[in-house]
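my_file07.pdb follows; it contains PDB, C-alpha atoms.
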ATOM      1  CA  MET D  29     -26.840 -18.811 -41.169
ATOM      2  CA  ASN D  30     -24.336 -20.653 -43.481
ATOM      3  CA  ARG D  31     -21.202 -22.370 -42.207
ATOM      4  CA  THR D  32     -18.931 -19.475 -43.171
ATOM      5  CA  SER D  33     -21.074 -16.949 -41.270
ATOM      6  CA  LEU D  34     -21.328 -19.234 -38.268
ATOM      7  CA  ALA D  35     -17.566 -19.744 -38.141
ATOM      8  CA  ALA D  36     -16.993 -16.004 -38.367
ATOM      9  CA  ALA D  37     -19.438 -15.341 -35.531
ATOM     10  CA  VAL D  38     -17.760 -17.931 -33.301
ATOM     11  CA  ALA D  39     -14.336 -16.474 -34.036
ATOM     12  CA  PHE D  40     -15.542 -12.951 -33.228
ATOM     13  CA  PHE D  41     -17.088 -14.054 -29.929
ATOM     14  CA  SER D  42     -13.913 -15.906 -28.939
ATOM     15  CA  LEU D  43     -11.770 -12.847 -29.651
ATOM     16  CA  ALA D  44     -14.124 -10.660 -27.619
ATOM     17  CA  ILE D  45     -13.714 -12.913 -24.582
ATOM     18  CA  LEU D  46      -9.927 -13.003 -24.959
ATOM     19  CA  ALA D  47      -9.859  -9.220 -25.190
ATOM     20  CA  ALA D  48     -11.550  -8.732 -21.811
ATOM     21  CA  PRO D  49      -9.214  -7.183 -19.169
ATOM     22  CA  ALA D  50      -7.298  -9.788 -17.161
ATOM     23  CA  GLY D  51      -8.677 -10.327 -13.685
ATOM     24  CA  PHE D  52     -11.994  -8.606 -14.457
ATOM     25  CA  ALA D  53     -15.072 -10.646 -13.672
ATOM     26  CA  GLN D  54     -16.663 -11.855 -16.905
ATOM     27  CA  SER D  55     -20.282 -10.836 -17.428
ATOM     28  CA  THR D  56     -22.342 -10.762 -20.608
ATOM     29  CA  THR D  57     -24.357  -7.864 -19.149
ATOM     30  CA  ALA D  58     -21.423  -5.693 -18.065
ATOM     31  CA  ALA D  59     -21.539  -2.193 -19.497
ATOM     32  CA  PRO D  60     -18.452  -1.394 -21.586
ATOM     33  CA  ALA D  61     -15.992   1.080 -20.115
ATOM     34  CA  GLU D  62     -16.101   4.463 -21.808
ATOM     35  CA  ARG D  63     -12.349   4.789 -21.585
ATOM     36  CA  LYS D  64      -9.315   3.129 -20.069
ATOM     37  CA  THR D  65      -6.399   4.760 -18.276
ATOM     38  CA  GLN D  66      -3.591   3.466 -16.074
ATOM     39  CA  TRP D  67      -3.487   3.632 -12.285
ATOM     40  CA  ASN D  68      -0.154   2.633 -10.724
ATOM     41  CA  GLY D  69       0.380   0.103 -13.501
ATOM     42  CA  TYR D  70      -3.181  -1.297 -13.511
ATOM     43  CA  ASP D  71      -6.075  -0.757 -15.898
ATOM     44  CA  GLN D  72      -8.560   1.836 -14.660
ATOM     45  CA  LEU D  73     -11.910   1.556 -16.420
ATOM     46  CA  HIS D  74     -14.024   4.726 -16.452
ATOM     47  CA  PHE D  75     -17.797   4.798 -16.879
ATOM     48  CA  GLN D  76     -20.846   6.619 -15.554
ATOM     49  CA  VAL D  77     -23.517   5.721 -13.012
ATOM     50  CA  ALA D  78     -26.546   7.986 -12.628
ATOM     51  CA  GLU D  79     -24.686  10.541 -14.759
ATOM     52  CA  ARG D  80     -21.839  10.608 -12.234
ATOM     53  CA  ASP D  81     -18.241   9.660 -13.024
ATOM     54  CA  ALA D  82     -17.185   6.264 -11.749
ATOM     55  CA  TYR D  83     -14.302   3.865 -12.208
ATOM     56  CA  VAL D  84     -12.903   0.506 -11.247
ATOM     57  CA  VAL D  85      -9.206  -0.387 -11.000
ATOM     58  CA  VAL D  86      -8.682  -3.950 -12.237
ATOM     59  CA  PRO D  87      -6.069  -6.317 -10.740
ATOM     60  CA  LYS D  88      -3.819  -8.373 -13.020
ATOM     61  CA  GLN D  89      -5.415 -11.472 -11.529
ATOM     62  CA  ALA D  90      -8.568 -11.192  -9.437
ATOM     63  CA  ALA D  91      -8.541 -12.918  -6.053
ATOM     64  CA  PRO D  92     -11.097 -15.699  -5.596
ATOM     65  CA  GLY D  93     -14.568 -14.300  -5.038
ATOM     66  CA  ASN D  94     -13.668 -10.936  -6.684
ATOM     67  CA  PRO D  95     -13.247  -8.900  -3.455
ATOM     68  CA  TRP D  96     -13.241  -5.133  -3.787
ATOM     69  CA  VAL D  97     -12.703  -1.856  -2.000
ATOM     70  CA  TRP D  98     -15.059   1.088  -2.475
ATOM     71  CA  ARG D  99     -13.379   4.448  -1.993
ATOM     72  CA  ALA D 100     -15.595   7.275  -0.728
ATOM     73  CA  ARG D 101     -14.336  10.800  -1.514
ATOM     74  CA  PHE D 102     -10.699  11.807  -2.101
ATOM     75  CA  PRO D 103      -9.858   8.423  -3.673
ATOM     76  CA  GLY D 104      -6.257   9.353  -4.393
ATOM     77  CA  TYR D 105      -5.416  10.372  -0.814
ATOM     78  CA  HIS D 106      -3.454   7.812   1.222
ATOM     79  CA  ALA D 107      -3.817   5.221  -1.528
ATOM     80  CA  GLU D 108      -0.857   3.174  -0.293
ATOM     81  CA  ALA D 109      -3.094   0.405   1.050
ATOM     82  CA  ASP D 110      -5.108   0.294  -2.178
ATOM     83  CA  ILE D 111      -1.934  -0.215  -4.212
ATOM     84  CA  GLN D 112      -1.086  -3.250  -2.099
ATOM     85  CA  LEU D 113      -4.646  -4.566  -2.218
ATOM     86  CA  VAL D 114      -4.974  -4.392  -5.995
ATOM     87  CA  ALA D 115      -1.672  -6.289  -6.218
ATOM     88  CA  LYS D 116      -3.315  -8.955  -4.041
ATOM     89  CA  GLY D 117      -6.271  -9.262  -6.414
ATOM     90  CA  PHE D 118      -8.748  -6.681  -5.102
ATOM     91  CA  HIS D 119     -10.684  -4.377  -7.420
ATOM     92  CA  ILE D 120     -10.838  -0.707  -6.356
ATOM     93  CA  GLY D 121     -14.094   1.129  -7.107
ATOM     94  CA  TYR D 122     -15.206   4.738  -6.886
ATOM     95  CA  VAL D 123     -18.250   6.807  -7.798
ATOM     96  CA  ASP D 124     -18.243  10.588  -7.527
ATOM     97  CA  VAL D 125     -20.770  11.776  -4.943
ATOM     98  CA  ALA D 126     -18.742  14.872  -4.074
ATOM     99  CA  GLY D 127     -20.652  17.746  -2.545
ATOM    100  CA  MET D 128     -23.532  15.547  -1.357
ATOM    101  CA  PHE D 129     -22.381  14.920   2.244
ATOM    102  CA  GLY D 130     -23.922  11.443   2.478
ATOM    103  CA  SER D 131     -27.397  12.773   1.689
ATOM    104  CA  PRO D 132     -30.242  10.506   0.499
ATOM    105  CA  LYS D 133     -29.456  11.416  -3.116
ATOM    106  CA  ALA D 134     -25.846  10.297  -2.615
ATOM    107  CA  ILE D 135     -27.017   7.022  -1.078
ATOM    108  CA  GLU D 136     -29.271   6.284  -4.060
ATOM    109  CA  ILE D 137     -26.370   6.903  -6.446
ATOM    110  CA  GLY D 138     -24.313   4.596  -4.255
ATOM    111  CA  ASN D 139     -26.989   1.917  -4.522
ATOM    112  CA  GLN D 140     -26.896   2.154  -8.317
ATOM    113  CA  PHE D 141     -23.094   1.953  -8.283
ATOM    114  CA  TYR D 142     -23.229  -1.115  -6.028
ATOM    115  CA  ARG D 143     -25.618  -2.848  -8.456
ATOM    116  CA  GLU D 144     -23.322  -1.954 -11.354
ATOM    117  CA  MET D 145     -20.325  -3.461  -9.587
ATOM    118  CA  THR D 146     -21.997  -6.617  -8.286
ATOM    119  CA  GLU D 147     -24.768  -7.490 -10.738
ATOM    120  CA  LYS D 148     -23.182  -6.298 -13.973
ATOM    121  CA  ARG D 149     -19.477  -6.611 -13.234
ATOM    122  CA  GLY D 150     -19.547  -9.668 -11.017
ATOM    123  CA  LEU D 151     -17.732  -8.362  -7.935
ATOM    124  CA  ALA D 152     -18.293  -9.667  -4.398
ATOM    125  CA  LYS D 153     -21.621  -8.964  -2.712
ATOM    126  CA  ARG D 154     -19.894  -7.675   0.423
ATOM    127  CA  VAL D 155     -17.557  -4.720  -0.033
ATOM    128  CA  ALA D 156     -14.862  -3.040   2.055
ATOM    129  CA  LEU D 157     -15.815   0.632   2.449
ATOM    130  CA  GLU D 158     -12.909   3.075   2.598
ATOM    131  CA  ALA D 159     -13.482   6.735   3.494
ATOM    132  CA  VAL D 160     -11.403   9.848   4.018
ATOM    133  CA  SER D 161     -12.587  12.922   5.921
ATOM    134  CA  ARG D 162     -16.092  13.974   4.752
ATOM    135  CA  GLY D 163     -16.296  10.619   2.949
ATOM    136  CA  GLY D 164     -17.170   9.165   6.349
ATOM    137  CA  LEU D 165     -20.654  10.664   6.002
ATOM    138  CA  PHE D 166     -21.282   8.686   2.820
ATOM    139  CA  ALA D 167     -19.651   5.437   3.958
ATOM    140  CA  TYR D 168     -21.585   5.113   7.204
ATOM    141  CA  ASN D 169     -24.871   6.427   5.819
ATOM    142  CA  TRP D 170     -24.691   3.938   2.939
ATOM    143  CA  ALA D 171     -23.714   1.130   5.313
ATOM    144  CA  ALA D 172     -26.646   1.903   7.612
ATOM    145  CA  VAL D 173     -29.134   0.988   4.879
ATOM    146  CA  ASN D 174     -27.014  -1.793   3.355
ATOM    147  CA  LEU D 175     -25.750  -3.617   6.432
ATOM    148  CA  ASP D 176     -25.578  -7.059   4.814
ATOM    149  CA  ARG D 177     -23.522  -5.696   1.907
ATOM    150  CA  VAL D 178     -20.630  -4.361   4.001
ATOM    151  CA  ALA D 179     -17.609  -6.532   4.812
ATOM    152  CA  CYS D 180     -15.824  -3.852   6.857
ATOM    153  CA  ILE D 181     -15.296  -0.095   7.115
ATOM    154  CA  TYR D 182     -11.906   1.625   7.189
ATOM    155  CA  CYS D 183     -11.814   5.411   7.664
ATOM    156  CA  ASP D 184      -9.084   8.050   7.703
ATOM    157  CA  THR D 185      -9.944  11.095   9.897
ATOM    158  CA  PRO D 186     -13.649  10.666   9.056
ATOM    159  CA  VAL D 187     -16.475  13.105   9.595
ATOM    160  CA  CYS D 188     -19.040  11.228  11.697
ATOM    161  CA  ASP D 189     -21.379  14.154  12.395
ATOM    162  CA  PHE D 190     -21.976  17.023  10.003
ATOM    163  CA  LYS D 191     -22.699  19.272  12.989
ATOM    164  CA  SER D 192     -18.993  18.977  13.815
ATOM    165  CA  TRP D 193     -17.855  19.576  10.228
ATOM    166  CA  PRO D 194     -18.819  21.532   8.253
ATOM    167  CA  GLY D 195     -21.308  22.811  10.856
ATOM    168  CA  GLY D 196     -18.614  23.910  13.317
ATOM    169  CA  MET D 197     -21.002  23.468  16.252
ATOM    170  CA  GLY D 198     -18.315  22.001  18.487
ATOM    171  CA  GLU D 199     -14.596  22.627  18.914
ATOM    172  CA  GLY D 200     -13.695  22.315  15.241
ATOM    173  CA  VAL D 201     -13.095  25.165  12.810
ATOM    174  CA  GLY D 202     -16.080  24.299  10.603
ATOM    175  CA  SER D 203     -16.699  25.822   7.177
ATOM    176  CA  ALA D 204     -19.515  28.330   6.809
ATOM    177  CA  ALA D 205     -19.758  28.128   3.013
ATOM    178  CA  THR D 206     -19.598  24.337   2.956
ATOM    179  CA  TRP D 207     -22.199  24.166   5.718
ATOM    180  CA  GLN D 208     -24.655  26.052   3.520
ATOM    181  CA  SER D 209     -24.013  23.546   0.734
ATOM    182  CA  CYS D 210     -24.592  20.695   3.170
ATOM    183  CA  LEU D 211     -27.883  22.186   4.352
ATOM    184  CA  ALA D 212     -29.009  22.577   0.729
ATOM    185  CA  GLN D 213     -28.239  18.924  -0.055
ATOM    186  CA  TYR D 214     -30.441  17.762   2.798
ATOM    187  CA  GLY D 215     -33.057  20.486   2.374
ATOM    188  CA  PHE D 216     -32.568  21.515   6.014
ATOM    189  CA  ASP D 217     -32.567  24.784   7.859
ATOM    190  CA  GLU D 218     -30.266  25.229  10.874
ATOM    191  CA  LYS D 219     -32.847  23.959  13.355
ATOM    192  CA  GLN D 220     -33.634  20.826  11.328
ATOM    193  CA  ALA D 221     -29.931  20.081  10.873
ATOM    194  CA  ALA D 222     -29.264  20.393  14.605
ATOM    195  CA  ALA D 223     -32.080  17.927  15.344
ATOM    196  CA  PHE D 224     -31.149  15.436  12.575
ATOM    197  CA  LYS D 225     -30.548  11.855  13.742
ATOM    198  CA  GLY D 226     -29.118  10.367  10.568
ATOM    199  CA  ASN D 227     -25.401  11.036  10.953
ATOM    200  CA  PRO D 228     -22.859   8.206  11.332
ATOM    201  CA  ILE D 229     -22.804   8.697  15.110
ATOM    202  CA  ASP D 230     -26.541   7.949  15.073
ATOM    203  CA  HIS D 231     -26.049   4.606  13.292
ATOM    204  CA  ALA D 232     -24.005   3.058  16.103
ATOM    205  CA  LYS D 233     -26.682   0.585  17.217
ATOM    206  CA  LYS D 234     -27.281  -0.643  13.662
ATOM    207  CA  ILE D 235     -23.574  -1.025  12.952
ATOM    208  CA  ALA D 236     -23.069  -2.770  16.294
ATOM    209  CA  ALA D 237     -25.959  -5.181  15.702
ATOM    210  CA  ALA D 238     -24.518  -6.086  12.291
ATOM    211  CA  LYS D 239     -21.074  -6.580  13.898
ATOM    212  CA  ILE D 240     -19.321  -4.774  11.048
ATOM    213  CA  PRO D 241     -15.533  -4.657  11.636
ATOM    214  CA  LEU D 242     -14.295  -1.067  11.930
ATOM    215  CA  LEU D 243     -10.899   0.619  11.758
ATOM    216  CA  HIS D 244     -10.248   4.378  11.971
ATOM    217  CA  ILE D 245      -7.105   6.493  11.881
ATOM    218  CA  VAL D 246      -7.280   9.834  13.689
ATOM    219  CA  SER D 247      -4.996  12.736  14.465
ATOM    220  CA  GLU D 248      -5.170  13.905  18.067
ATOM    221  CA  ASN D 249      -4.592  17.568  17.156
ATOM    222  CA  ASP D 250      -7.107  17.564  14.271
ATOM    223  CA  ARG D 251      -8.936  20.898  14.454
ATOM    224  CA  VAL D 252     -10.909  20.283  11.254
ATOM    225  CA  VAL D 253     -12.517  16.969  12.246
ATOM    226  CA  PRO D 254     -11.878  16.713  16.002
ATOM    227  CA  PRO D 255     -11.808  13.002  16.931
ATOM    228  CA  LYS D 256     -13.666  13.682  20.189
ATOM    229  CA  GLU D 257     -16.724  14.831  18.217
ATOM    230  CA  ASN D 258     -16.435  12.195  15.512
ATOM    231  CA  THR D 259     -14.497   8.924  15.797
ATOM    232  CA  TYR D 260     -14.356   8.811  19.587
ATOM    233  CA  LEU D 261     -18.018   9.737  19.977
ATOM    234  CA  LEU D 262     -18.987   7.013  17.508
ATOM    235  CA  ARG D 263     -16.754   4.505  19.303
ATOM    236  CA  GLU D 264     -18.318   5.427  22.647
ATOM    237  CA  ARG D 265     -21.796   4.739  21.274
ATOM    238  CA  LEU D 266     -20.670   1.507  19.632
ATOM    239  CA  GLN D 267     -19.193   0.272  22.890
ATOM    240  CA  ALA D 268     -22.437   1.111  24.692
ATOM    241  CA  ALA D 269     -24.166  -1.107  22.123
ATOM    242  CA  GLY D 270     -21.722  -3.983  22.675
ATOM    243  CA  HIS D 271     -19.424  -3.411  19.688
ATOM    244  CA  ASP D 272     -15.984  -1.855  19.311
ATOM    245  CA  MET D 273     -13.777  -0.049  16.848
ATOM    246  CA  GLU D 274     -10.049  -0.288  16.261
ATOM    247  CA  VAL D 275      -8.419   3.164  16.313
ATOM    248  CA  ILE D 276      -4.916   4.051  15.172
ATOM    249  CA  SER D 277      -3.921   7.336  16.811
ATOM    250  CA  VAL D 278      -1.479   9.796  15.266
ATOM    251  CA  PRO D 279      -0.269  12.307  17.901
ATOM    252  CA  MET D 280       0.227  15.258  15.544
ATOM    253  CA  GLY D 281      -1.055  16.088  12.089
ATOM    254  CA  THR D 282       0.620  18.818  10.075
ATOM    255  CA  GLU D 283       0.163  22.414  11.167
ATOM    256  CA  LYS D 284      -0.522  23.419   7.555
ATOM    257  CA  SER D 285      -3.623  21.175   7.533
ATOM    258  CA  SER D 286      -4.721  22.196  11.056
ATOM    259  CA  GLY D 287      -3.766  18.708  12.168
ATOM    260  CA  HIS D 288      -5.972  16.950   9.612
ATOM    261  CA  HIS D 289      -3.275  15.420   7.359
ATOM    262  CA  PHE D 290      -0.218  13.281   8.108
ATOM    263  CA  PRO D 291       1.931  10.545   6.540
ATOM    264  CA  HIS D 292       0.098   7.224   6.634
ATOM    265  CA  PRO D 293       1.193   5.516   9.872
ATOM    266  CA  ALA D 294       0.127   1.891   9.345
ATOM    267  CA  VAL D 295      -0.340   0.798   5.740
ATOM    268  CA  ASP D 296       0.301  -2.885   6.408
ATOM    269  CA  GLN D 297      -2.192  -2.929   9.274
ATOM    270  CA  VAL D 298      -4.889  -1.477   7.025
ATOM    271  CA  VAL D 299      -4.142  -4.005   4.284
ATOM    272  CA  GLN D 300      -4.337  -6.891   6.743
ATOM    273  CA  PHE D 301      -7.593  -5.556   8.208
ATOM    274  CA  ILE D 302      -9.286  -5.326   4.810
ATOM    275  CA  GLN D 303      -7.910  -8.646   3.610
ATOM    276  CA  GLN D 304      -9.059 -10.386   6.772
ATOM    277  CA  HIS D 305     -12.630  -9.166   6.502
ATOM    278  CA  ALA D 306     -13.317  -8.455   2.827
ATOM    279  CA  ALA D 307     -11.881 -11.701   1.507
ATOM    280  CA  VAL D 308     -14.087 -13.910   3.715
ATOM    281  CA  GLU D 309     -16.318 -14.861   0.784
ATOM    282  CA  ALA D 310     -13.300 -16.002  -1.158
ATOM    283  CA  LYS D 311     -12.144 -18.540   1.435
TER     284      LYS D 311
END
Produce structure tokens that represent the structure in this file.
Amino acid sequence: MNRTSLAAAVAFFSLAILAAPAGFAQSTTAAPAERKTQWNGYDQLHFQVAERDAYVVVPKQAAPGNPWVWRARFPGYHAEADIQLVAKGFHIGYVDVAGMFGSPKAIEIGNQFYREMTEKRGLAKRVALEAVSRGGLFAYNWAAVNLDRVACIYCDTPVCDFKSWPGGMGEGVGSAATWQSCLAQYGFDEKQAAAFKGNPIDHAKKIAAAKIPLLHIVSENDRVVPPKENTYLLRERLQAAGHDMEVISVPMGTEKSSGHHFPHPAVDQVVQFIQQHAAVEAK
């Protein structure tokens, strides 16, 4: 290579580095984003993992250690805490595993997404899992096989047992059509599903042994995901195993949502919880 070619190559490489999004962990192996949009004033980089849509929201300046939050299902719902966290230097990640109900296939996609975010994009090895409603199935099932990769778990009205929702085998309203989809994802019939011991409530001993910090928000009149069959049952089993869970209780969800939705009651508390536990590596 002559001097002119060498100088041109160096200049090109330098410009490529300068063009990388601010706050995004530099990595020569990172896959390029397919497209870029804006999310509350921050770059949102879209790509695919295992042929599923995924994205990462990039802070203006990443916090030390590149901490991140991984949203599971309904990533735009109650995003108030995420907006504060990205302003504090957290990345916000998401991969679409909708309609999989935390099944083994969903967990494998999650594993590929985790490798993309940590090995290729340089984010922290321990992630804060954030789940809403049925997203609880994915968050806890992924955590149960990746205990050392989880900094903390924060859930909003989470499903902790698919027999409760969509199965409707308890006091909740259930969803017959969605239950059939759930059975198909797991390859179960009704009898196999009733006997299954791989729901979040069944992971209590593992989660307790790993001492993963936990925070849930529940609505006491939730008829879709009754807390007694989900969060409170999981907490009871955790306590029996020597661990505990923080629970923020909302007395009444909206009637329109059968008690399942409500204005976020404690955004600052959630932000502090995630910062306290997910930024440990950065200290």
Discussion item. Would you pick out the contacts of Leu211 (chain D) at 12 Å or less, using only C-alpha atoms, so that residues sharing its chain but fewer than 2 positions from it are not included, and give the list as JSON, numbers by chain?
Written reply: {"D": [127, 128, 129, 130, 131, 190, 191, 193, 194, 195, 204, 205, 206, 207, 208, 209, 213, 214, 215, 216, 217, 218, 219, 220, 221, 222, 224]}
Worksheet entry | the PyMOL selection byres ((chain D and resi 247-257) around 12) resolved against shown file, as a ChimeraX atom specification | /D:160-164,183-203,227-229,244-246,258-265,275-293
Fill in: Selection under test: the PyMOL selection byres ((chain D and resi 62-69) around 10); residues as a ChimeraX atom specification
/D:59-61,70-76,83-88,111,114-115
Response to the item:
Restricting to only C-alpha atoms, whichever of D:Ala90, D:Ala100, D:Ile137, D:Val155 is closest to Gly117 (chain D) is D:Ala90
Which residues of region 158-184 of chain D come within 9 Å of region 299-304 of chain D, and for each one, what is the closest pair of atoms and their distance in Å to one decimal, counting all atoms listed in the file, sorted by chain and residue number, as CSV?
residue,atom,partner,partner_atom,distance
D:Ala179,CA,D:Ile302,CA,8.4
D:Cys180,CA,D:Ile302,CA,7.0
D:Ile181,CA,D:Ile302,CA,8.3
D:Tyr182,CA,D:Ile302,CA,7.8
Those residues you just picked out, can you put them in a file as a compact mmCIF listing (two decimals), keeping the file's coordinate frame with C-alpha atoms?
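Below is the file part.txt, written as the result:
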# COMPACT_ATOMS: atom_id res chain seq x y z
CA ALA D 179 -17.61 -6.53 4.81
CA CYS D 180 -15.82 -3.85 6.86
CA ILE D 181 -15.30 -0.10 7.12
CA TYR D 182 -11.91 1.62 7.19
Item to complete: Report as a list in words the residues that result from applying the PyMOL selection byres ((chain D and resi 236) around 9) to the structure here.
Response: His231, Ala232, Lys233, Lys234, Ile235, Ala237, Ala238, Lys239, Ile240, Leu266, Gln267, Ala269, Gly270, His271 and Asp272 of chain D
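When all atoms listed in the file are used to compute distances to Val125 (chain D), the closest of the residues D:Leu113, D:Val178, D:Leu165, D:Ala107 turns out to be D:Leu165.
With CA of Tyr122 (chain D) on one side and CA of Ala159 (chain D) on the other, the separation reads 10.7 Å.
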Report, as JSON, the axis-aligned box around all atoms of region 123-133 of chain D present in the file, extended by 4 Å on each side; give centre and edge lengths in Å to one decimal place.
{"center_x": -24.2, "center_y": 12.3, "center_z": -2.7, "size_x": 20.0, "size_y": 18.9, "size_z": 18.3}
Worksheet item: By how many Å are CA of Glu274 (chain D) and CA of Ala294 (chain D) apart?
Response: 12.5 Å
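As for CA of Glu136 (chain D) and CA of Gly150 (chain D), they are spaced 19.9 Å apart.
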Worksheet item: region 94-97 of chain D: which residues within 9 Å, counting only C-alpha atoms, same-chain residues fewer than 3 positions away excluded, as an MDAnalysis selection string?
Response: chainID D and resid 51:53 90:91 110 113:114 117:122 150:158 302:303 306:310
Worksheet entry | Contact residues around Val295 (chain D) with all atoms listed in the file at 6 Å, ignoring same-chain residues under 2 positions, as a list in words | Ala109, Gln297 and Val298 of chain D
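Distances from D:Asp176, D:Ala82, D:Asp230, D:Asn169 to Pro132 (chain D) were compared using all atoms listed in the file, and the smallest one belongs to D:Asn169.
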Region 110-117 of chain D from the block above, all heavy atoms, as a PDB file, in the first residue's frame, please?
ATOM      1  N   ASP D 110     -37.729   3.940  32.580  1.00  0.00           N
ATOM      2  CA  ASP D 110     -36.728   3.774  31.534  1.00  0.00           C
ATOM      3  C   ASP D 110     -36.230   5.122  31.026  1.00  0.00           C
ATOM      4  O   ASP D 110     -35.046   5.290  30.735  1.00  0.00           O
ATOM      5  CB  ASP D 110     -37.311   2.983  30.365  1.00  0.00           C
ATOM      6  CG  ASP D 110     -37.706   1.571  30.753  1.00  0.00           C
ATOM      7  OD1 ASP D 110     -37.125   1.047  31.719  1.00  0.00           O
ATOM      8  OD2 ASP D 110     -38.589   1.006  30.100  1.00  0.00           O
ATOM      9  N   ILE D 111     -37.137   6.079  30.903  1.00  0.00           N
ATOM     10  CA  ILE D 111     -36.750   7.416  30.437  1.00  0.00           C
ATOM     11  C   ILE D 111     -35.747   8.034  31.405  1.00  0.00           C
ATOM     12  O   ILE D 111     -34.751   8.644  30.986  1.00  0.00           O
ATOM     13  CB  ILE D 111     -37.993   8.308  30.275  1.00  0.00           C
ATOM     14  CG1 ILE D 111     -38.873   7.783  29.134  1.00  0.00           C
ATOM     15  CG2 ILE D 111     -37.606   9.751  30.014  1.00  0.00           C
ATOM     16  CD1 ILE D 111     -40.237   8.431  29.027  1.00  0.00           C
ATOM     17  N   GLN D 112     -35.988   7.870  32.695  1.00  0.00           N
ATOM     18  CA  GLN D 112     -35.033   8.386  33.678  1.00  0.00           C
ATOM     19  C   GLN D 112     -33.719   7.630  33.635  1.00  0.00           C
ATOM     20  O   GLN D 112     -32.637   8.211  33.752  1.00  0.00           O
ATOM     21  CB  GLN D 112     -35.626   8.309  35.084  1.00  0.00           C
ATOM     22  CG  GLN D 112     -36.727   9.306  35.368  1.00  0.00           C
ATOM     23  CD  GLN D 112     -37.030   9.407  36.865  1.00  0.00           C
ATOM     24  OE1 GLN D 112     -36.144   9.252  37.702  1.00  0.00           O
ATOM     25  NE2 GLN D 112     -38.274   9.682  37.193  1.00  0.00           N
ATOM     26  N   LEU D 113     -33.798   6.309  33.457  1.00  0.00           N
ATOM     27  CA  LEU D 113     -32.589   5.488  33.474  1.00  0.00           C
ATOM     28  C   LEU D 113     -31.691   5.765  32.275  1.00  0.00           C
ATOM     29  O   LEU D 113     -30.461   5.812  32.411  1.00  0.00           O
ATOM     30  CB  LEU D 113     -32.964   4.008  33.544  1.00  0.00           C
ATOM     31  CG  LEU D 113     -33.485   3.550  34.908  1.00  0.00           C
ATOM     32  CD1 LEU D 113     -34.195   2.204  34.784  1.00  0.00           C
ATOM     33  CD2 LEU D 113     -32.349   3.460  35.933  1.00  0.00           C
ATOM     34  N   VAL D 114     -32.281   5.935  31.097  1.00  0.00           N
ATOM     35  CA  VAL D 114     -31.440   6.226  29.934  1.00  0.00           C
ATOM     36  C   VAL D 114     -30.779   7.592  30.094  1.00  0.00           C
ATOM     37  O   VAL D 114     -29.636   7.800  29.654  1.00  0.00           O
ATOM     38  CB  VAL D 114     -32.252   6.115  28.622  1.00  0.00           C
ATOM     39  CG1 VAL D 114     -33.183   7.279  28.417  1.00  0.00           C
ATOM     40  CG2 VAL D 114     -31.321   5.975  27.420  1.00  0.00           C
ATOM     41  N   ALA D 115     -31.459   8.523  30.762  1.00  0.00           N
ATOM     42  CA  ALA D 115     -30.852   9.831  31.039  1.00  0.00           C
ATOM     43  C   ALA D 115     -29.674   9.703  32.002  1.00  0.00           C
ATOM     44  O   ALA D 115     -28.760  10.534  32.007  1.00  0.00           O
ATOM     45  CB  ALA D 115     -31.900  10.787  31.618  1.00  0.00           C
ATOM     46  N   LYS D 116     -29.691   8.642  32.815  1.00  0.00           N
ATOM     47  CA  LYS D 116     -28.609   8.392  33.767  1.00  0.00           C
ATOM     48  C   LYS D 116     -27.515   7.489  33.184  1.00  0.00           C
ATOM     49  O   LYS D 116     -26.604   7.066  33.897  1.00  0.00           O
ATOM     50  CB  LYS D 116     -29.178   7.762  35.040  1.00  0.00           C
ATOM     51  CG  LYS D 116     -30.105   8.691  35.820  1.00  0.00           C
ATOM     52  CD  LYS D 116     -30.741   7.956  36.998  1.00  0.00           C
ATOM     53  CE  LYS D 116     -31.718   8.852  37.746  1.00  0.00           C
ATOM     54  NZ  LYS D 116     -31.059   9.987  38.430  1.00  0.00           N
ATOM     55  N   GLY D 117     -27.622   7.170  31.885  1.00  0.00           N
ATOM     56  CA  GLY D 117     -26.557   6.432  31.234  1.00  0.00           C
ATOM     57  C   GLY D 117     -26.810   4.965  30.995  1.00  0.00           C
ATOM     58  O   GLY D 117     -25.914   4.245  30.549  1.00  0.00           O
TER      59      GLY D 117
END
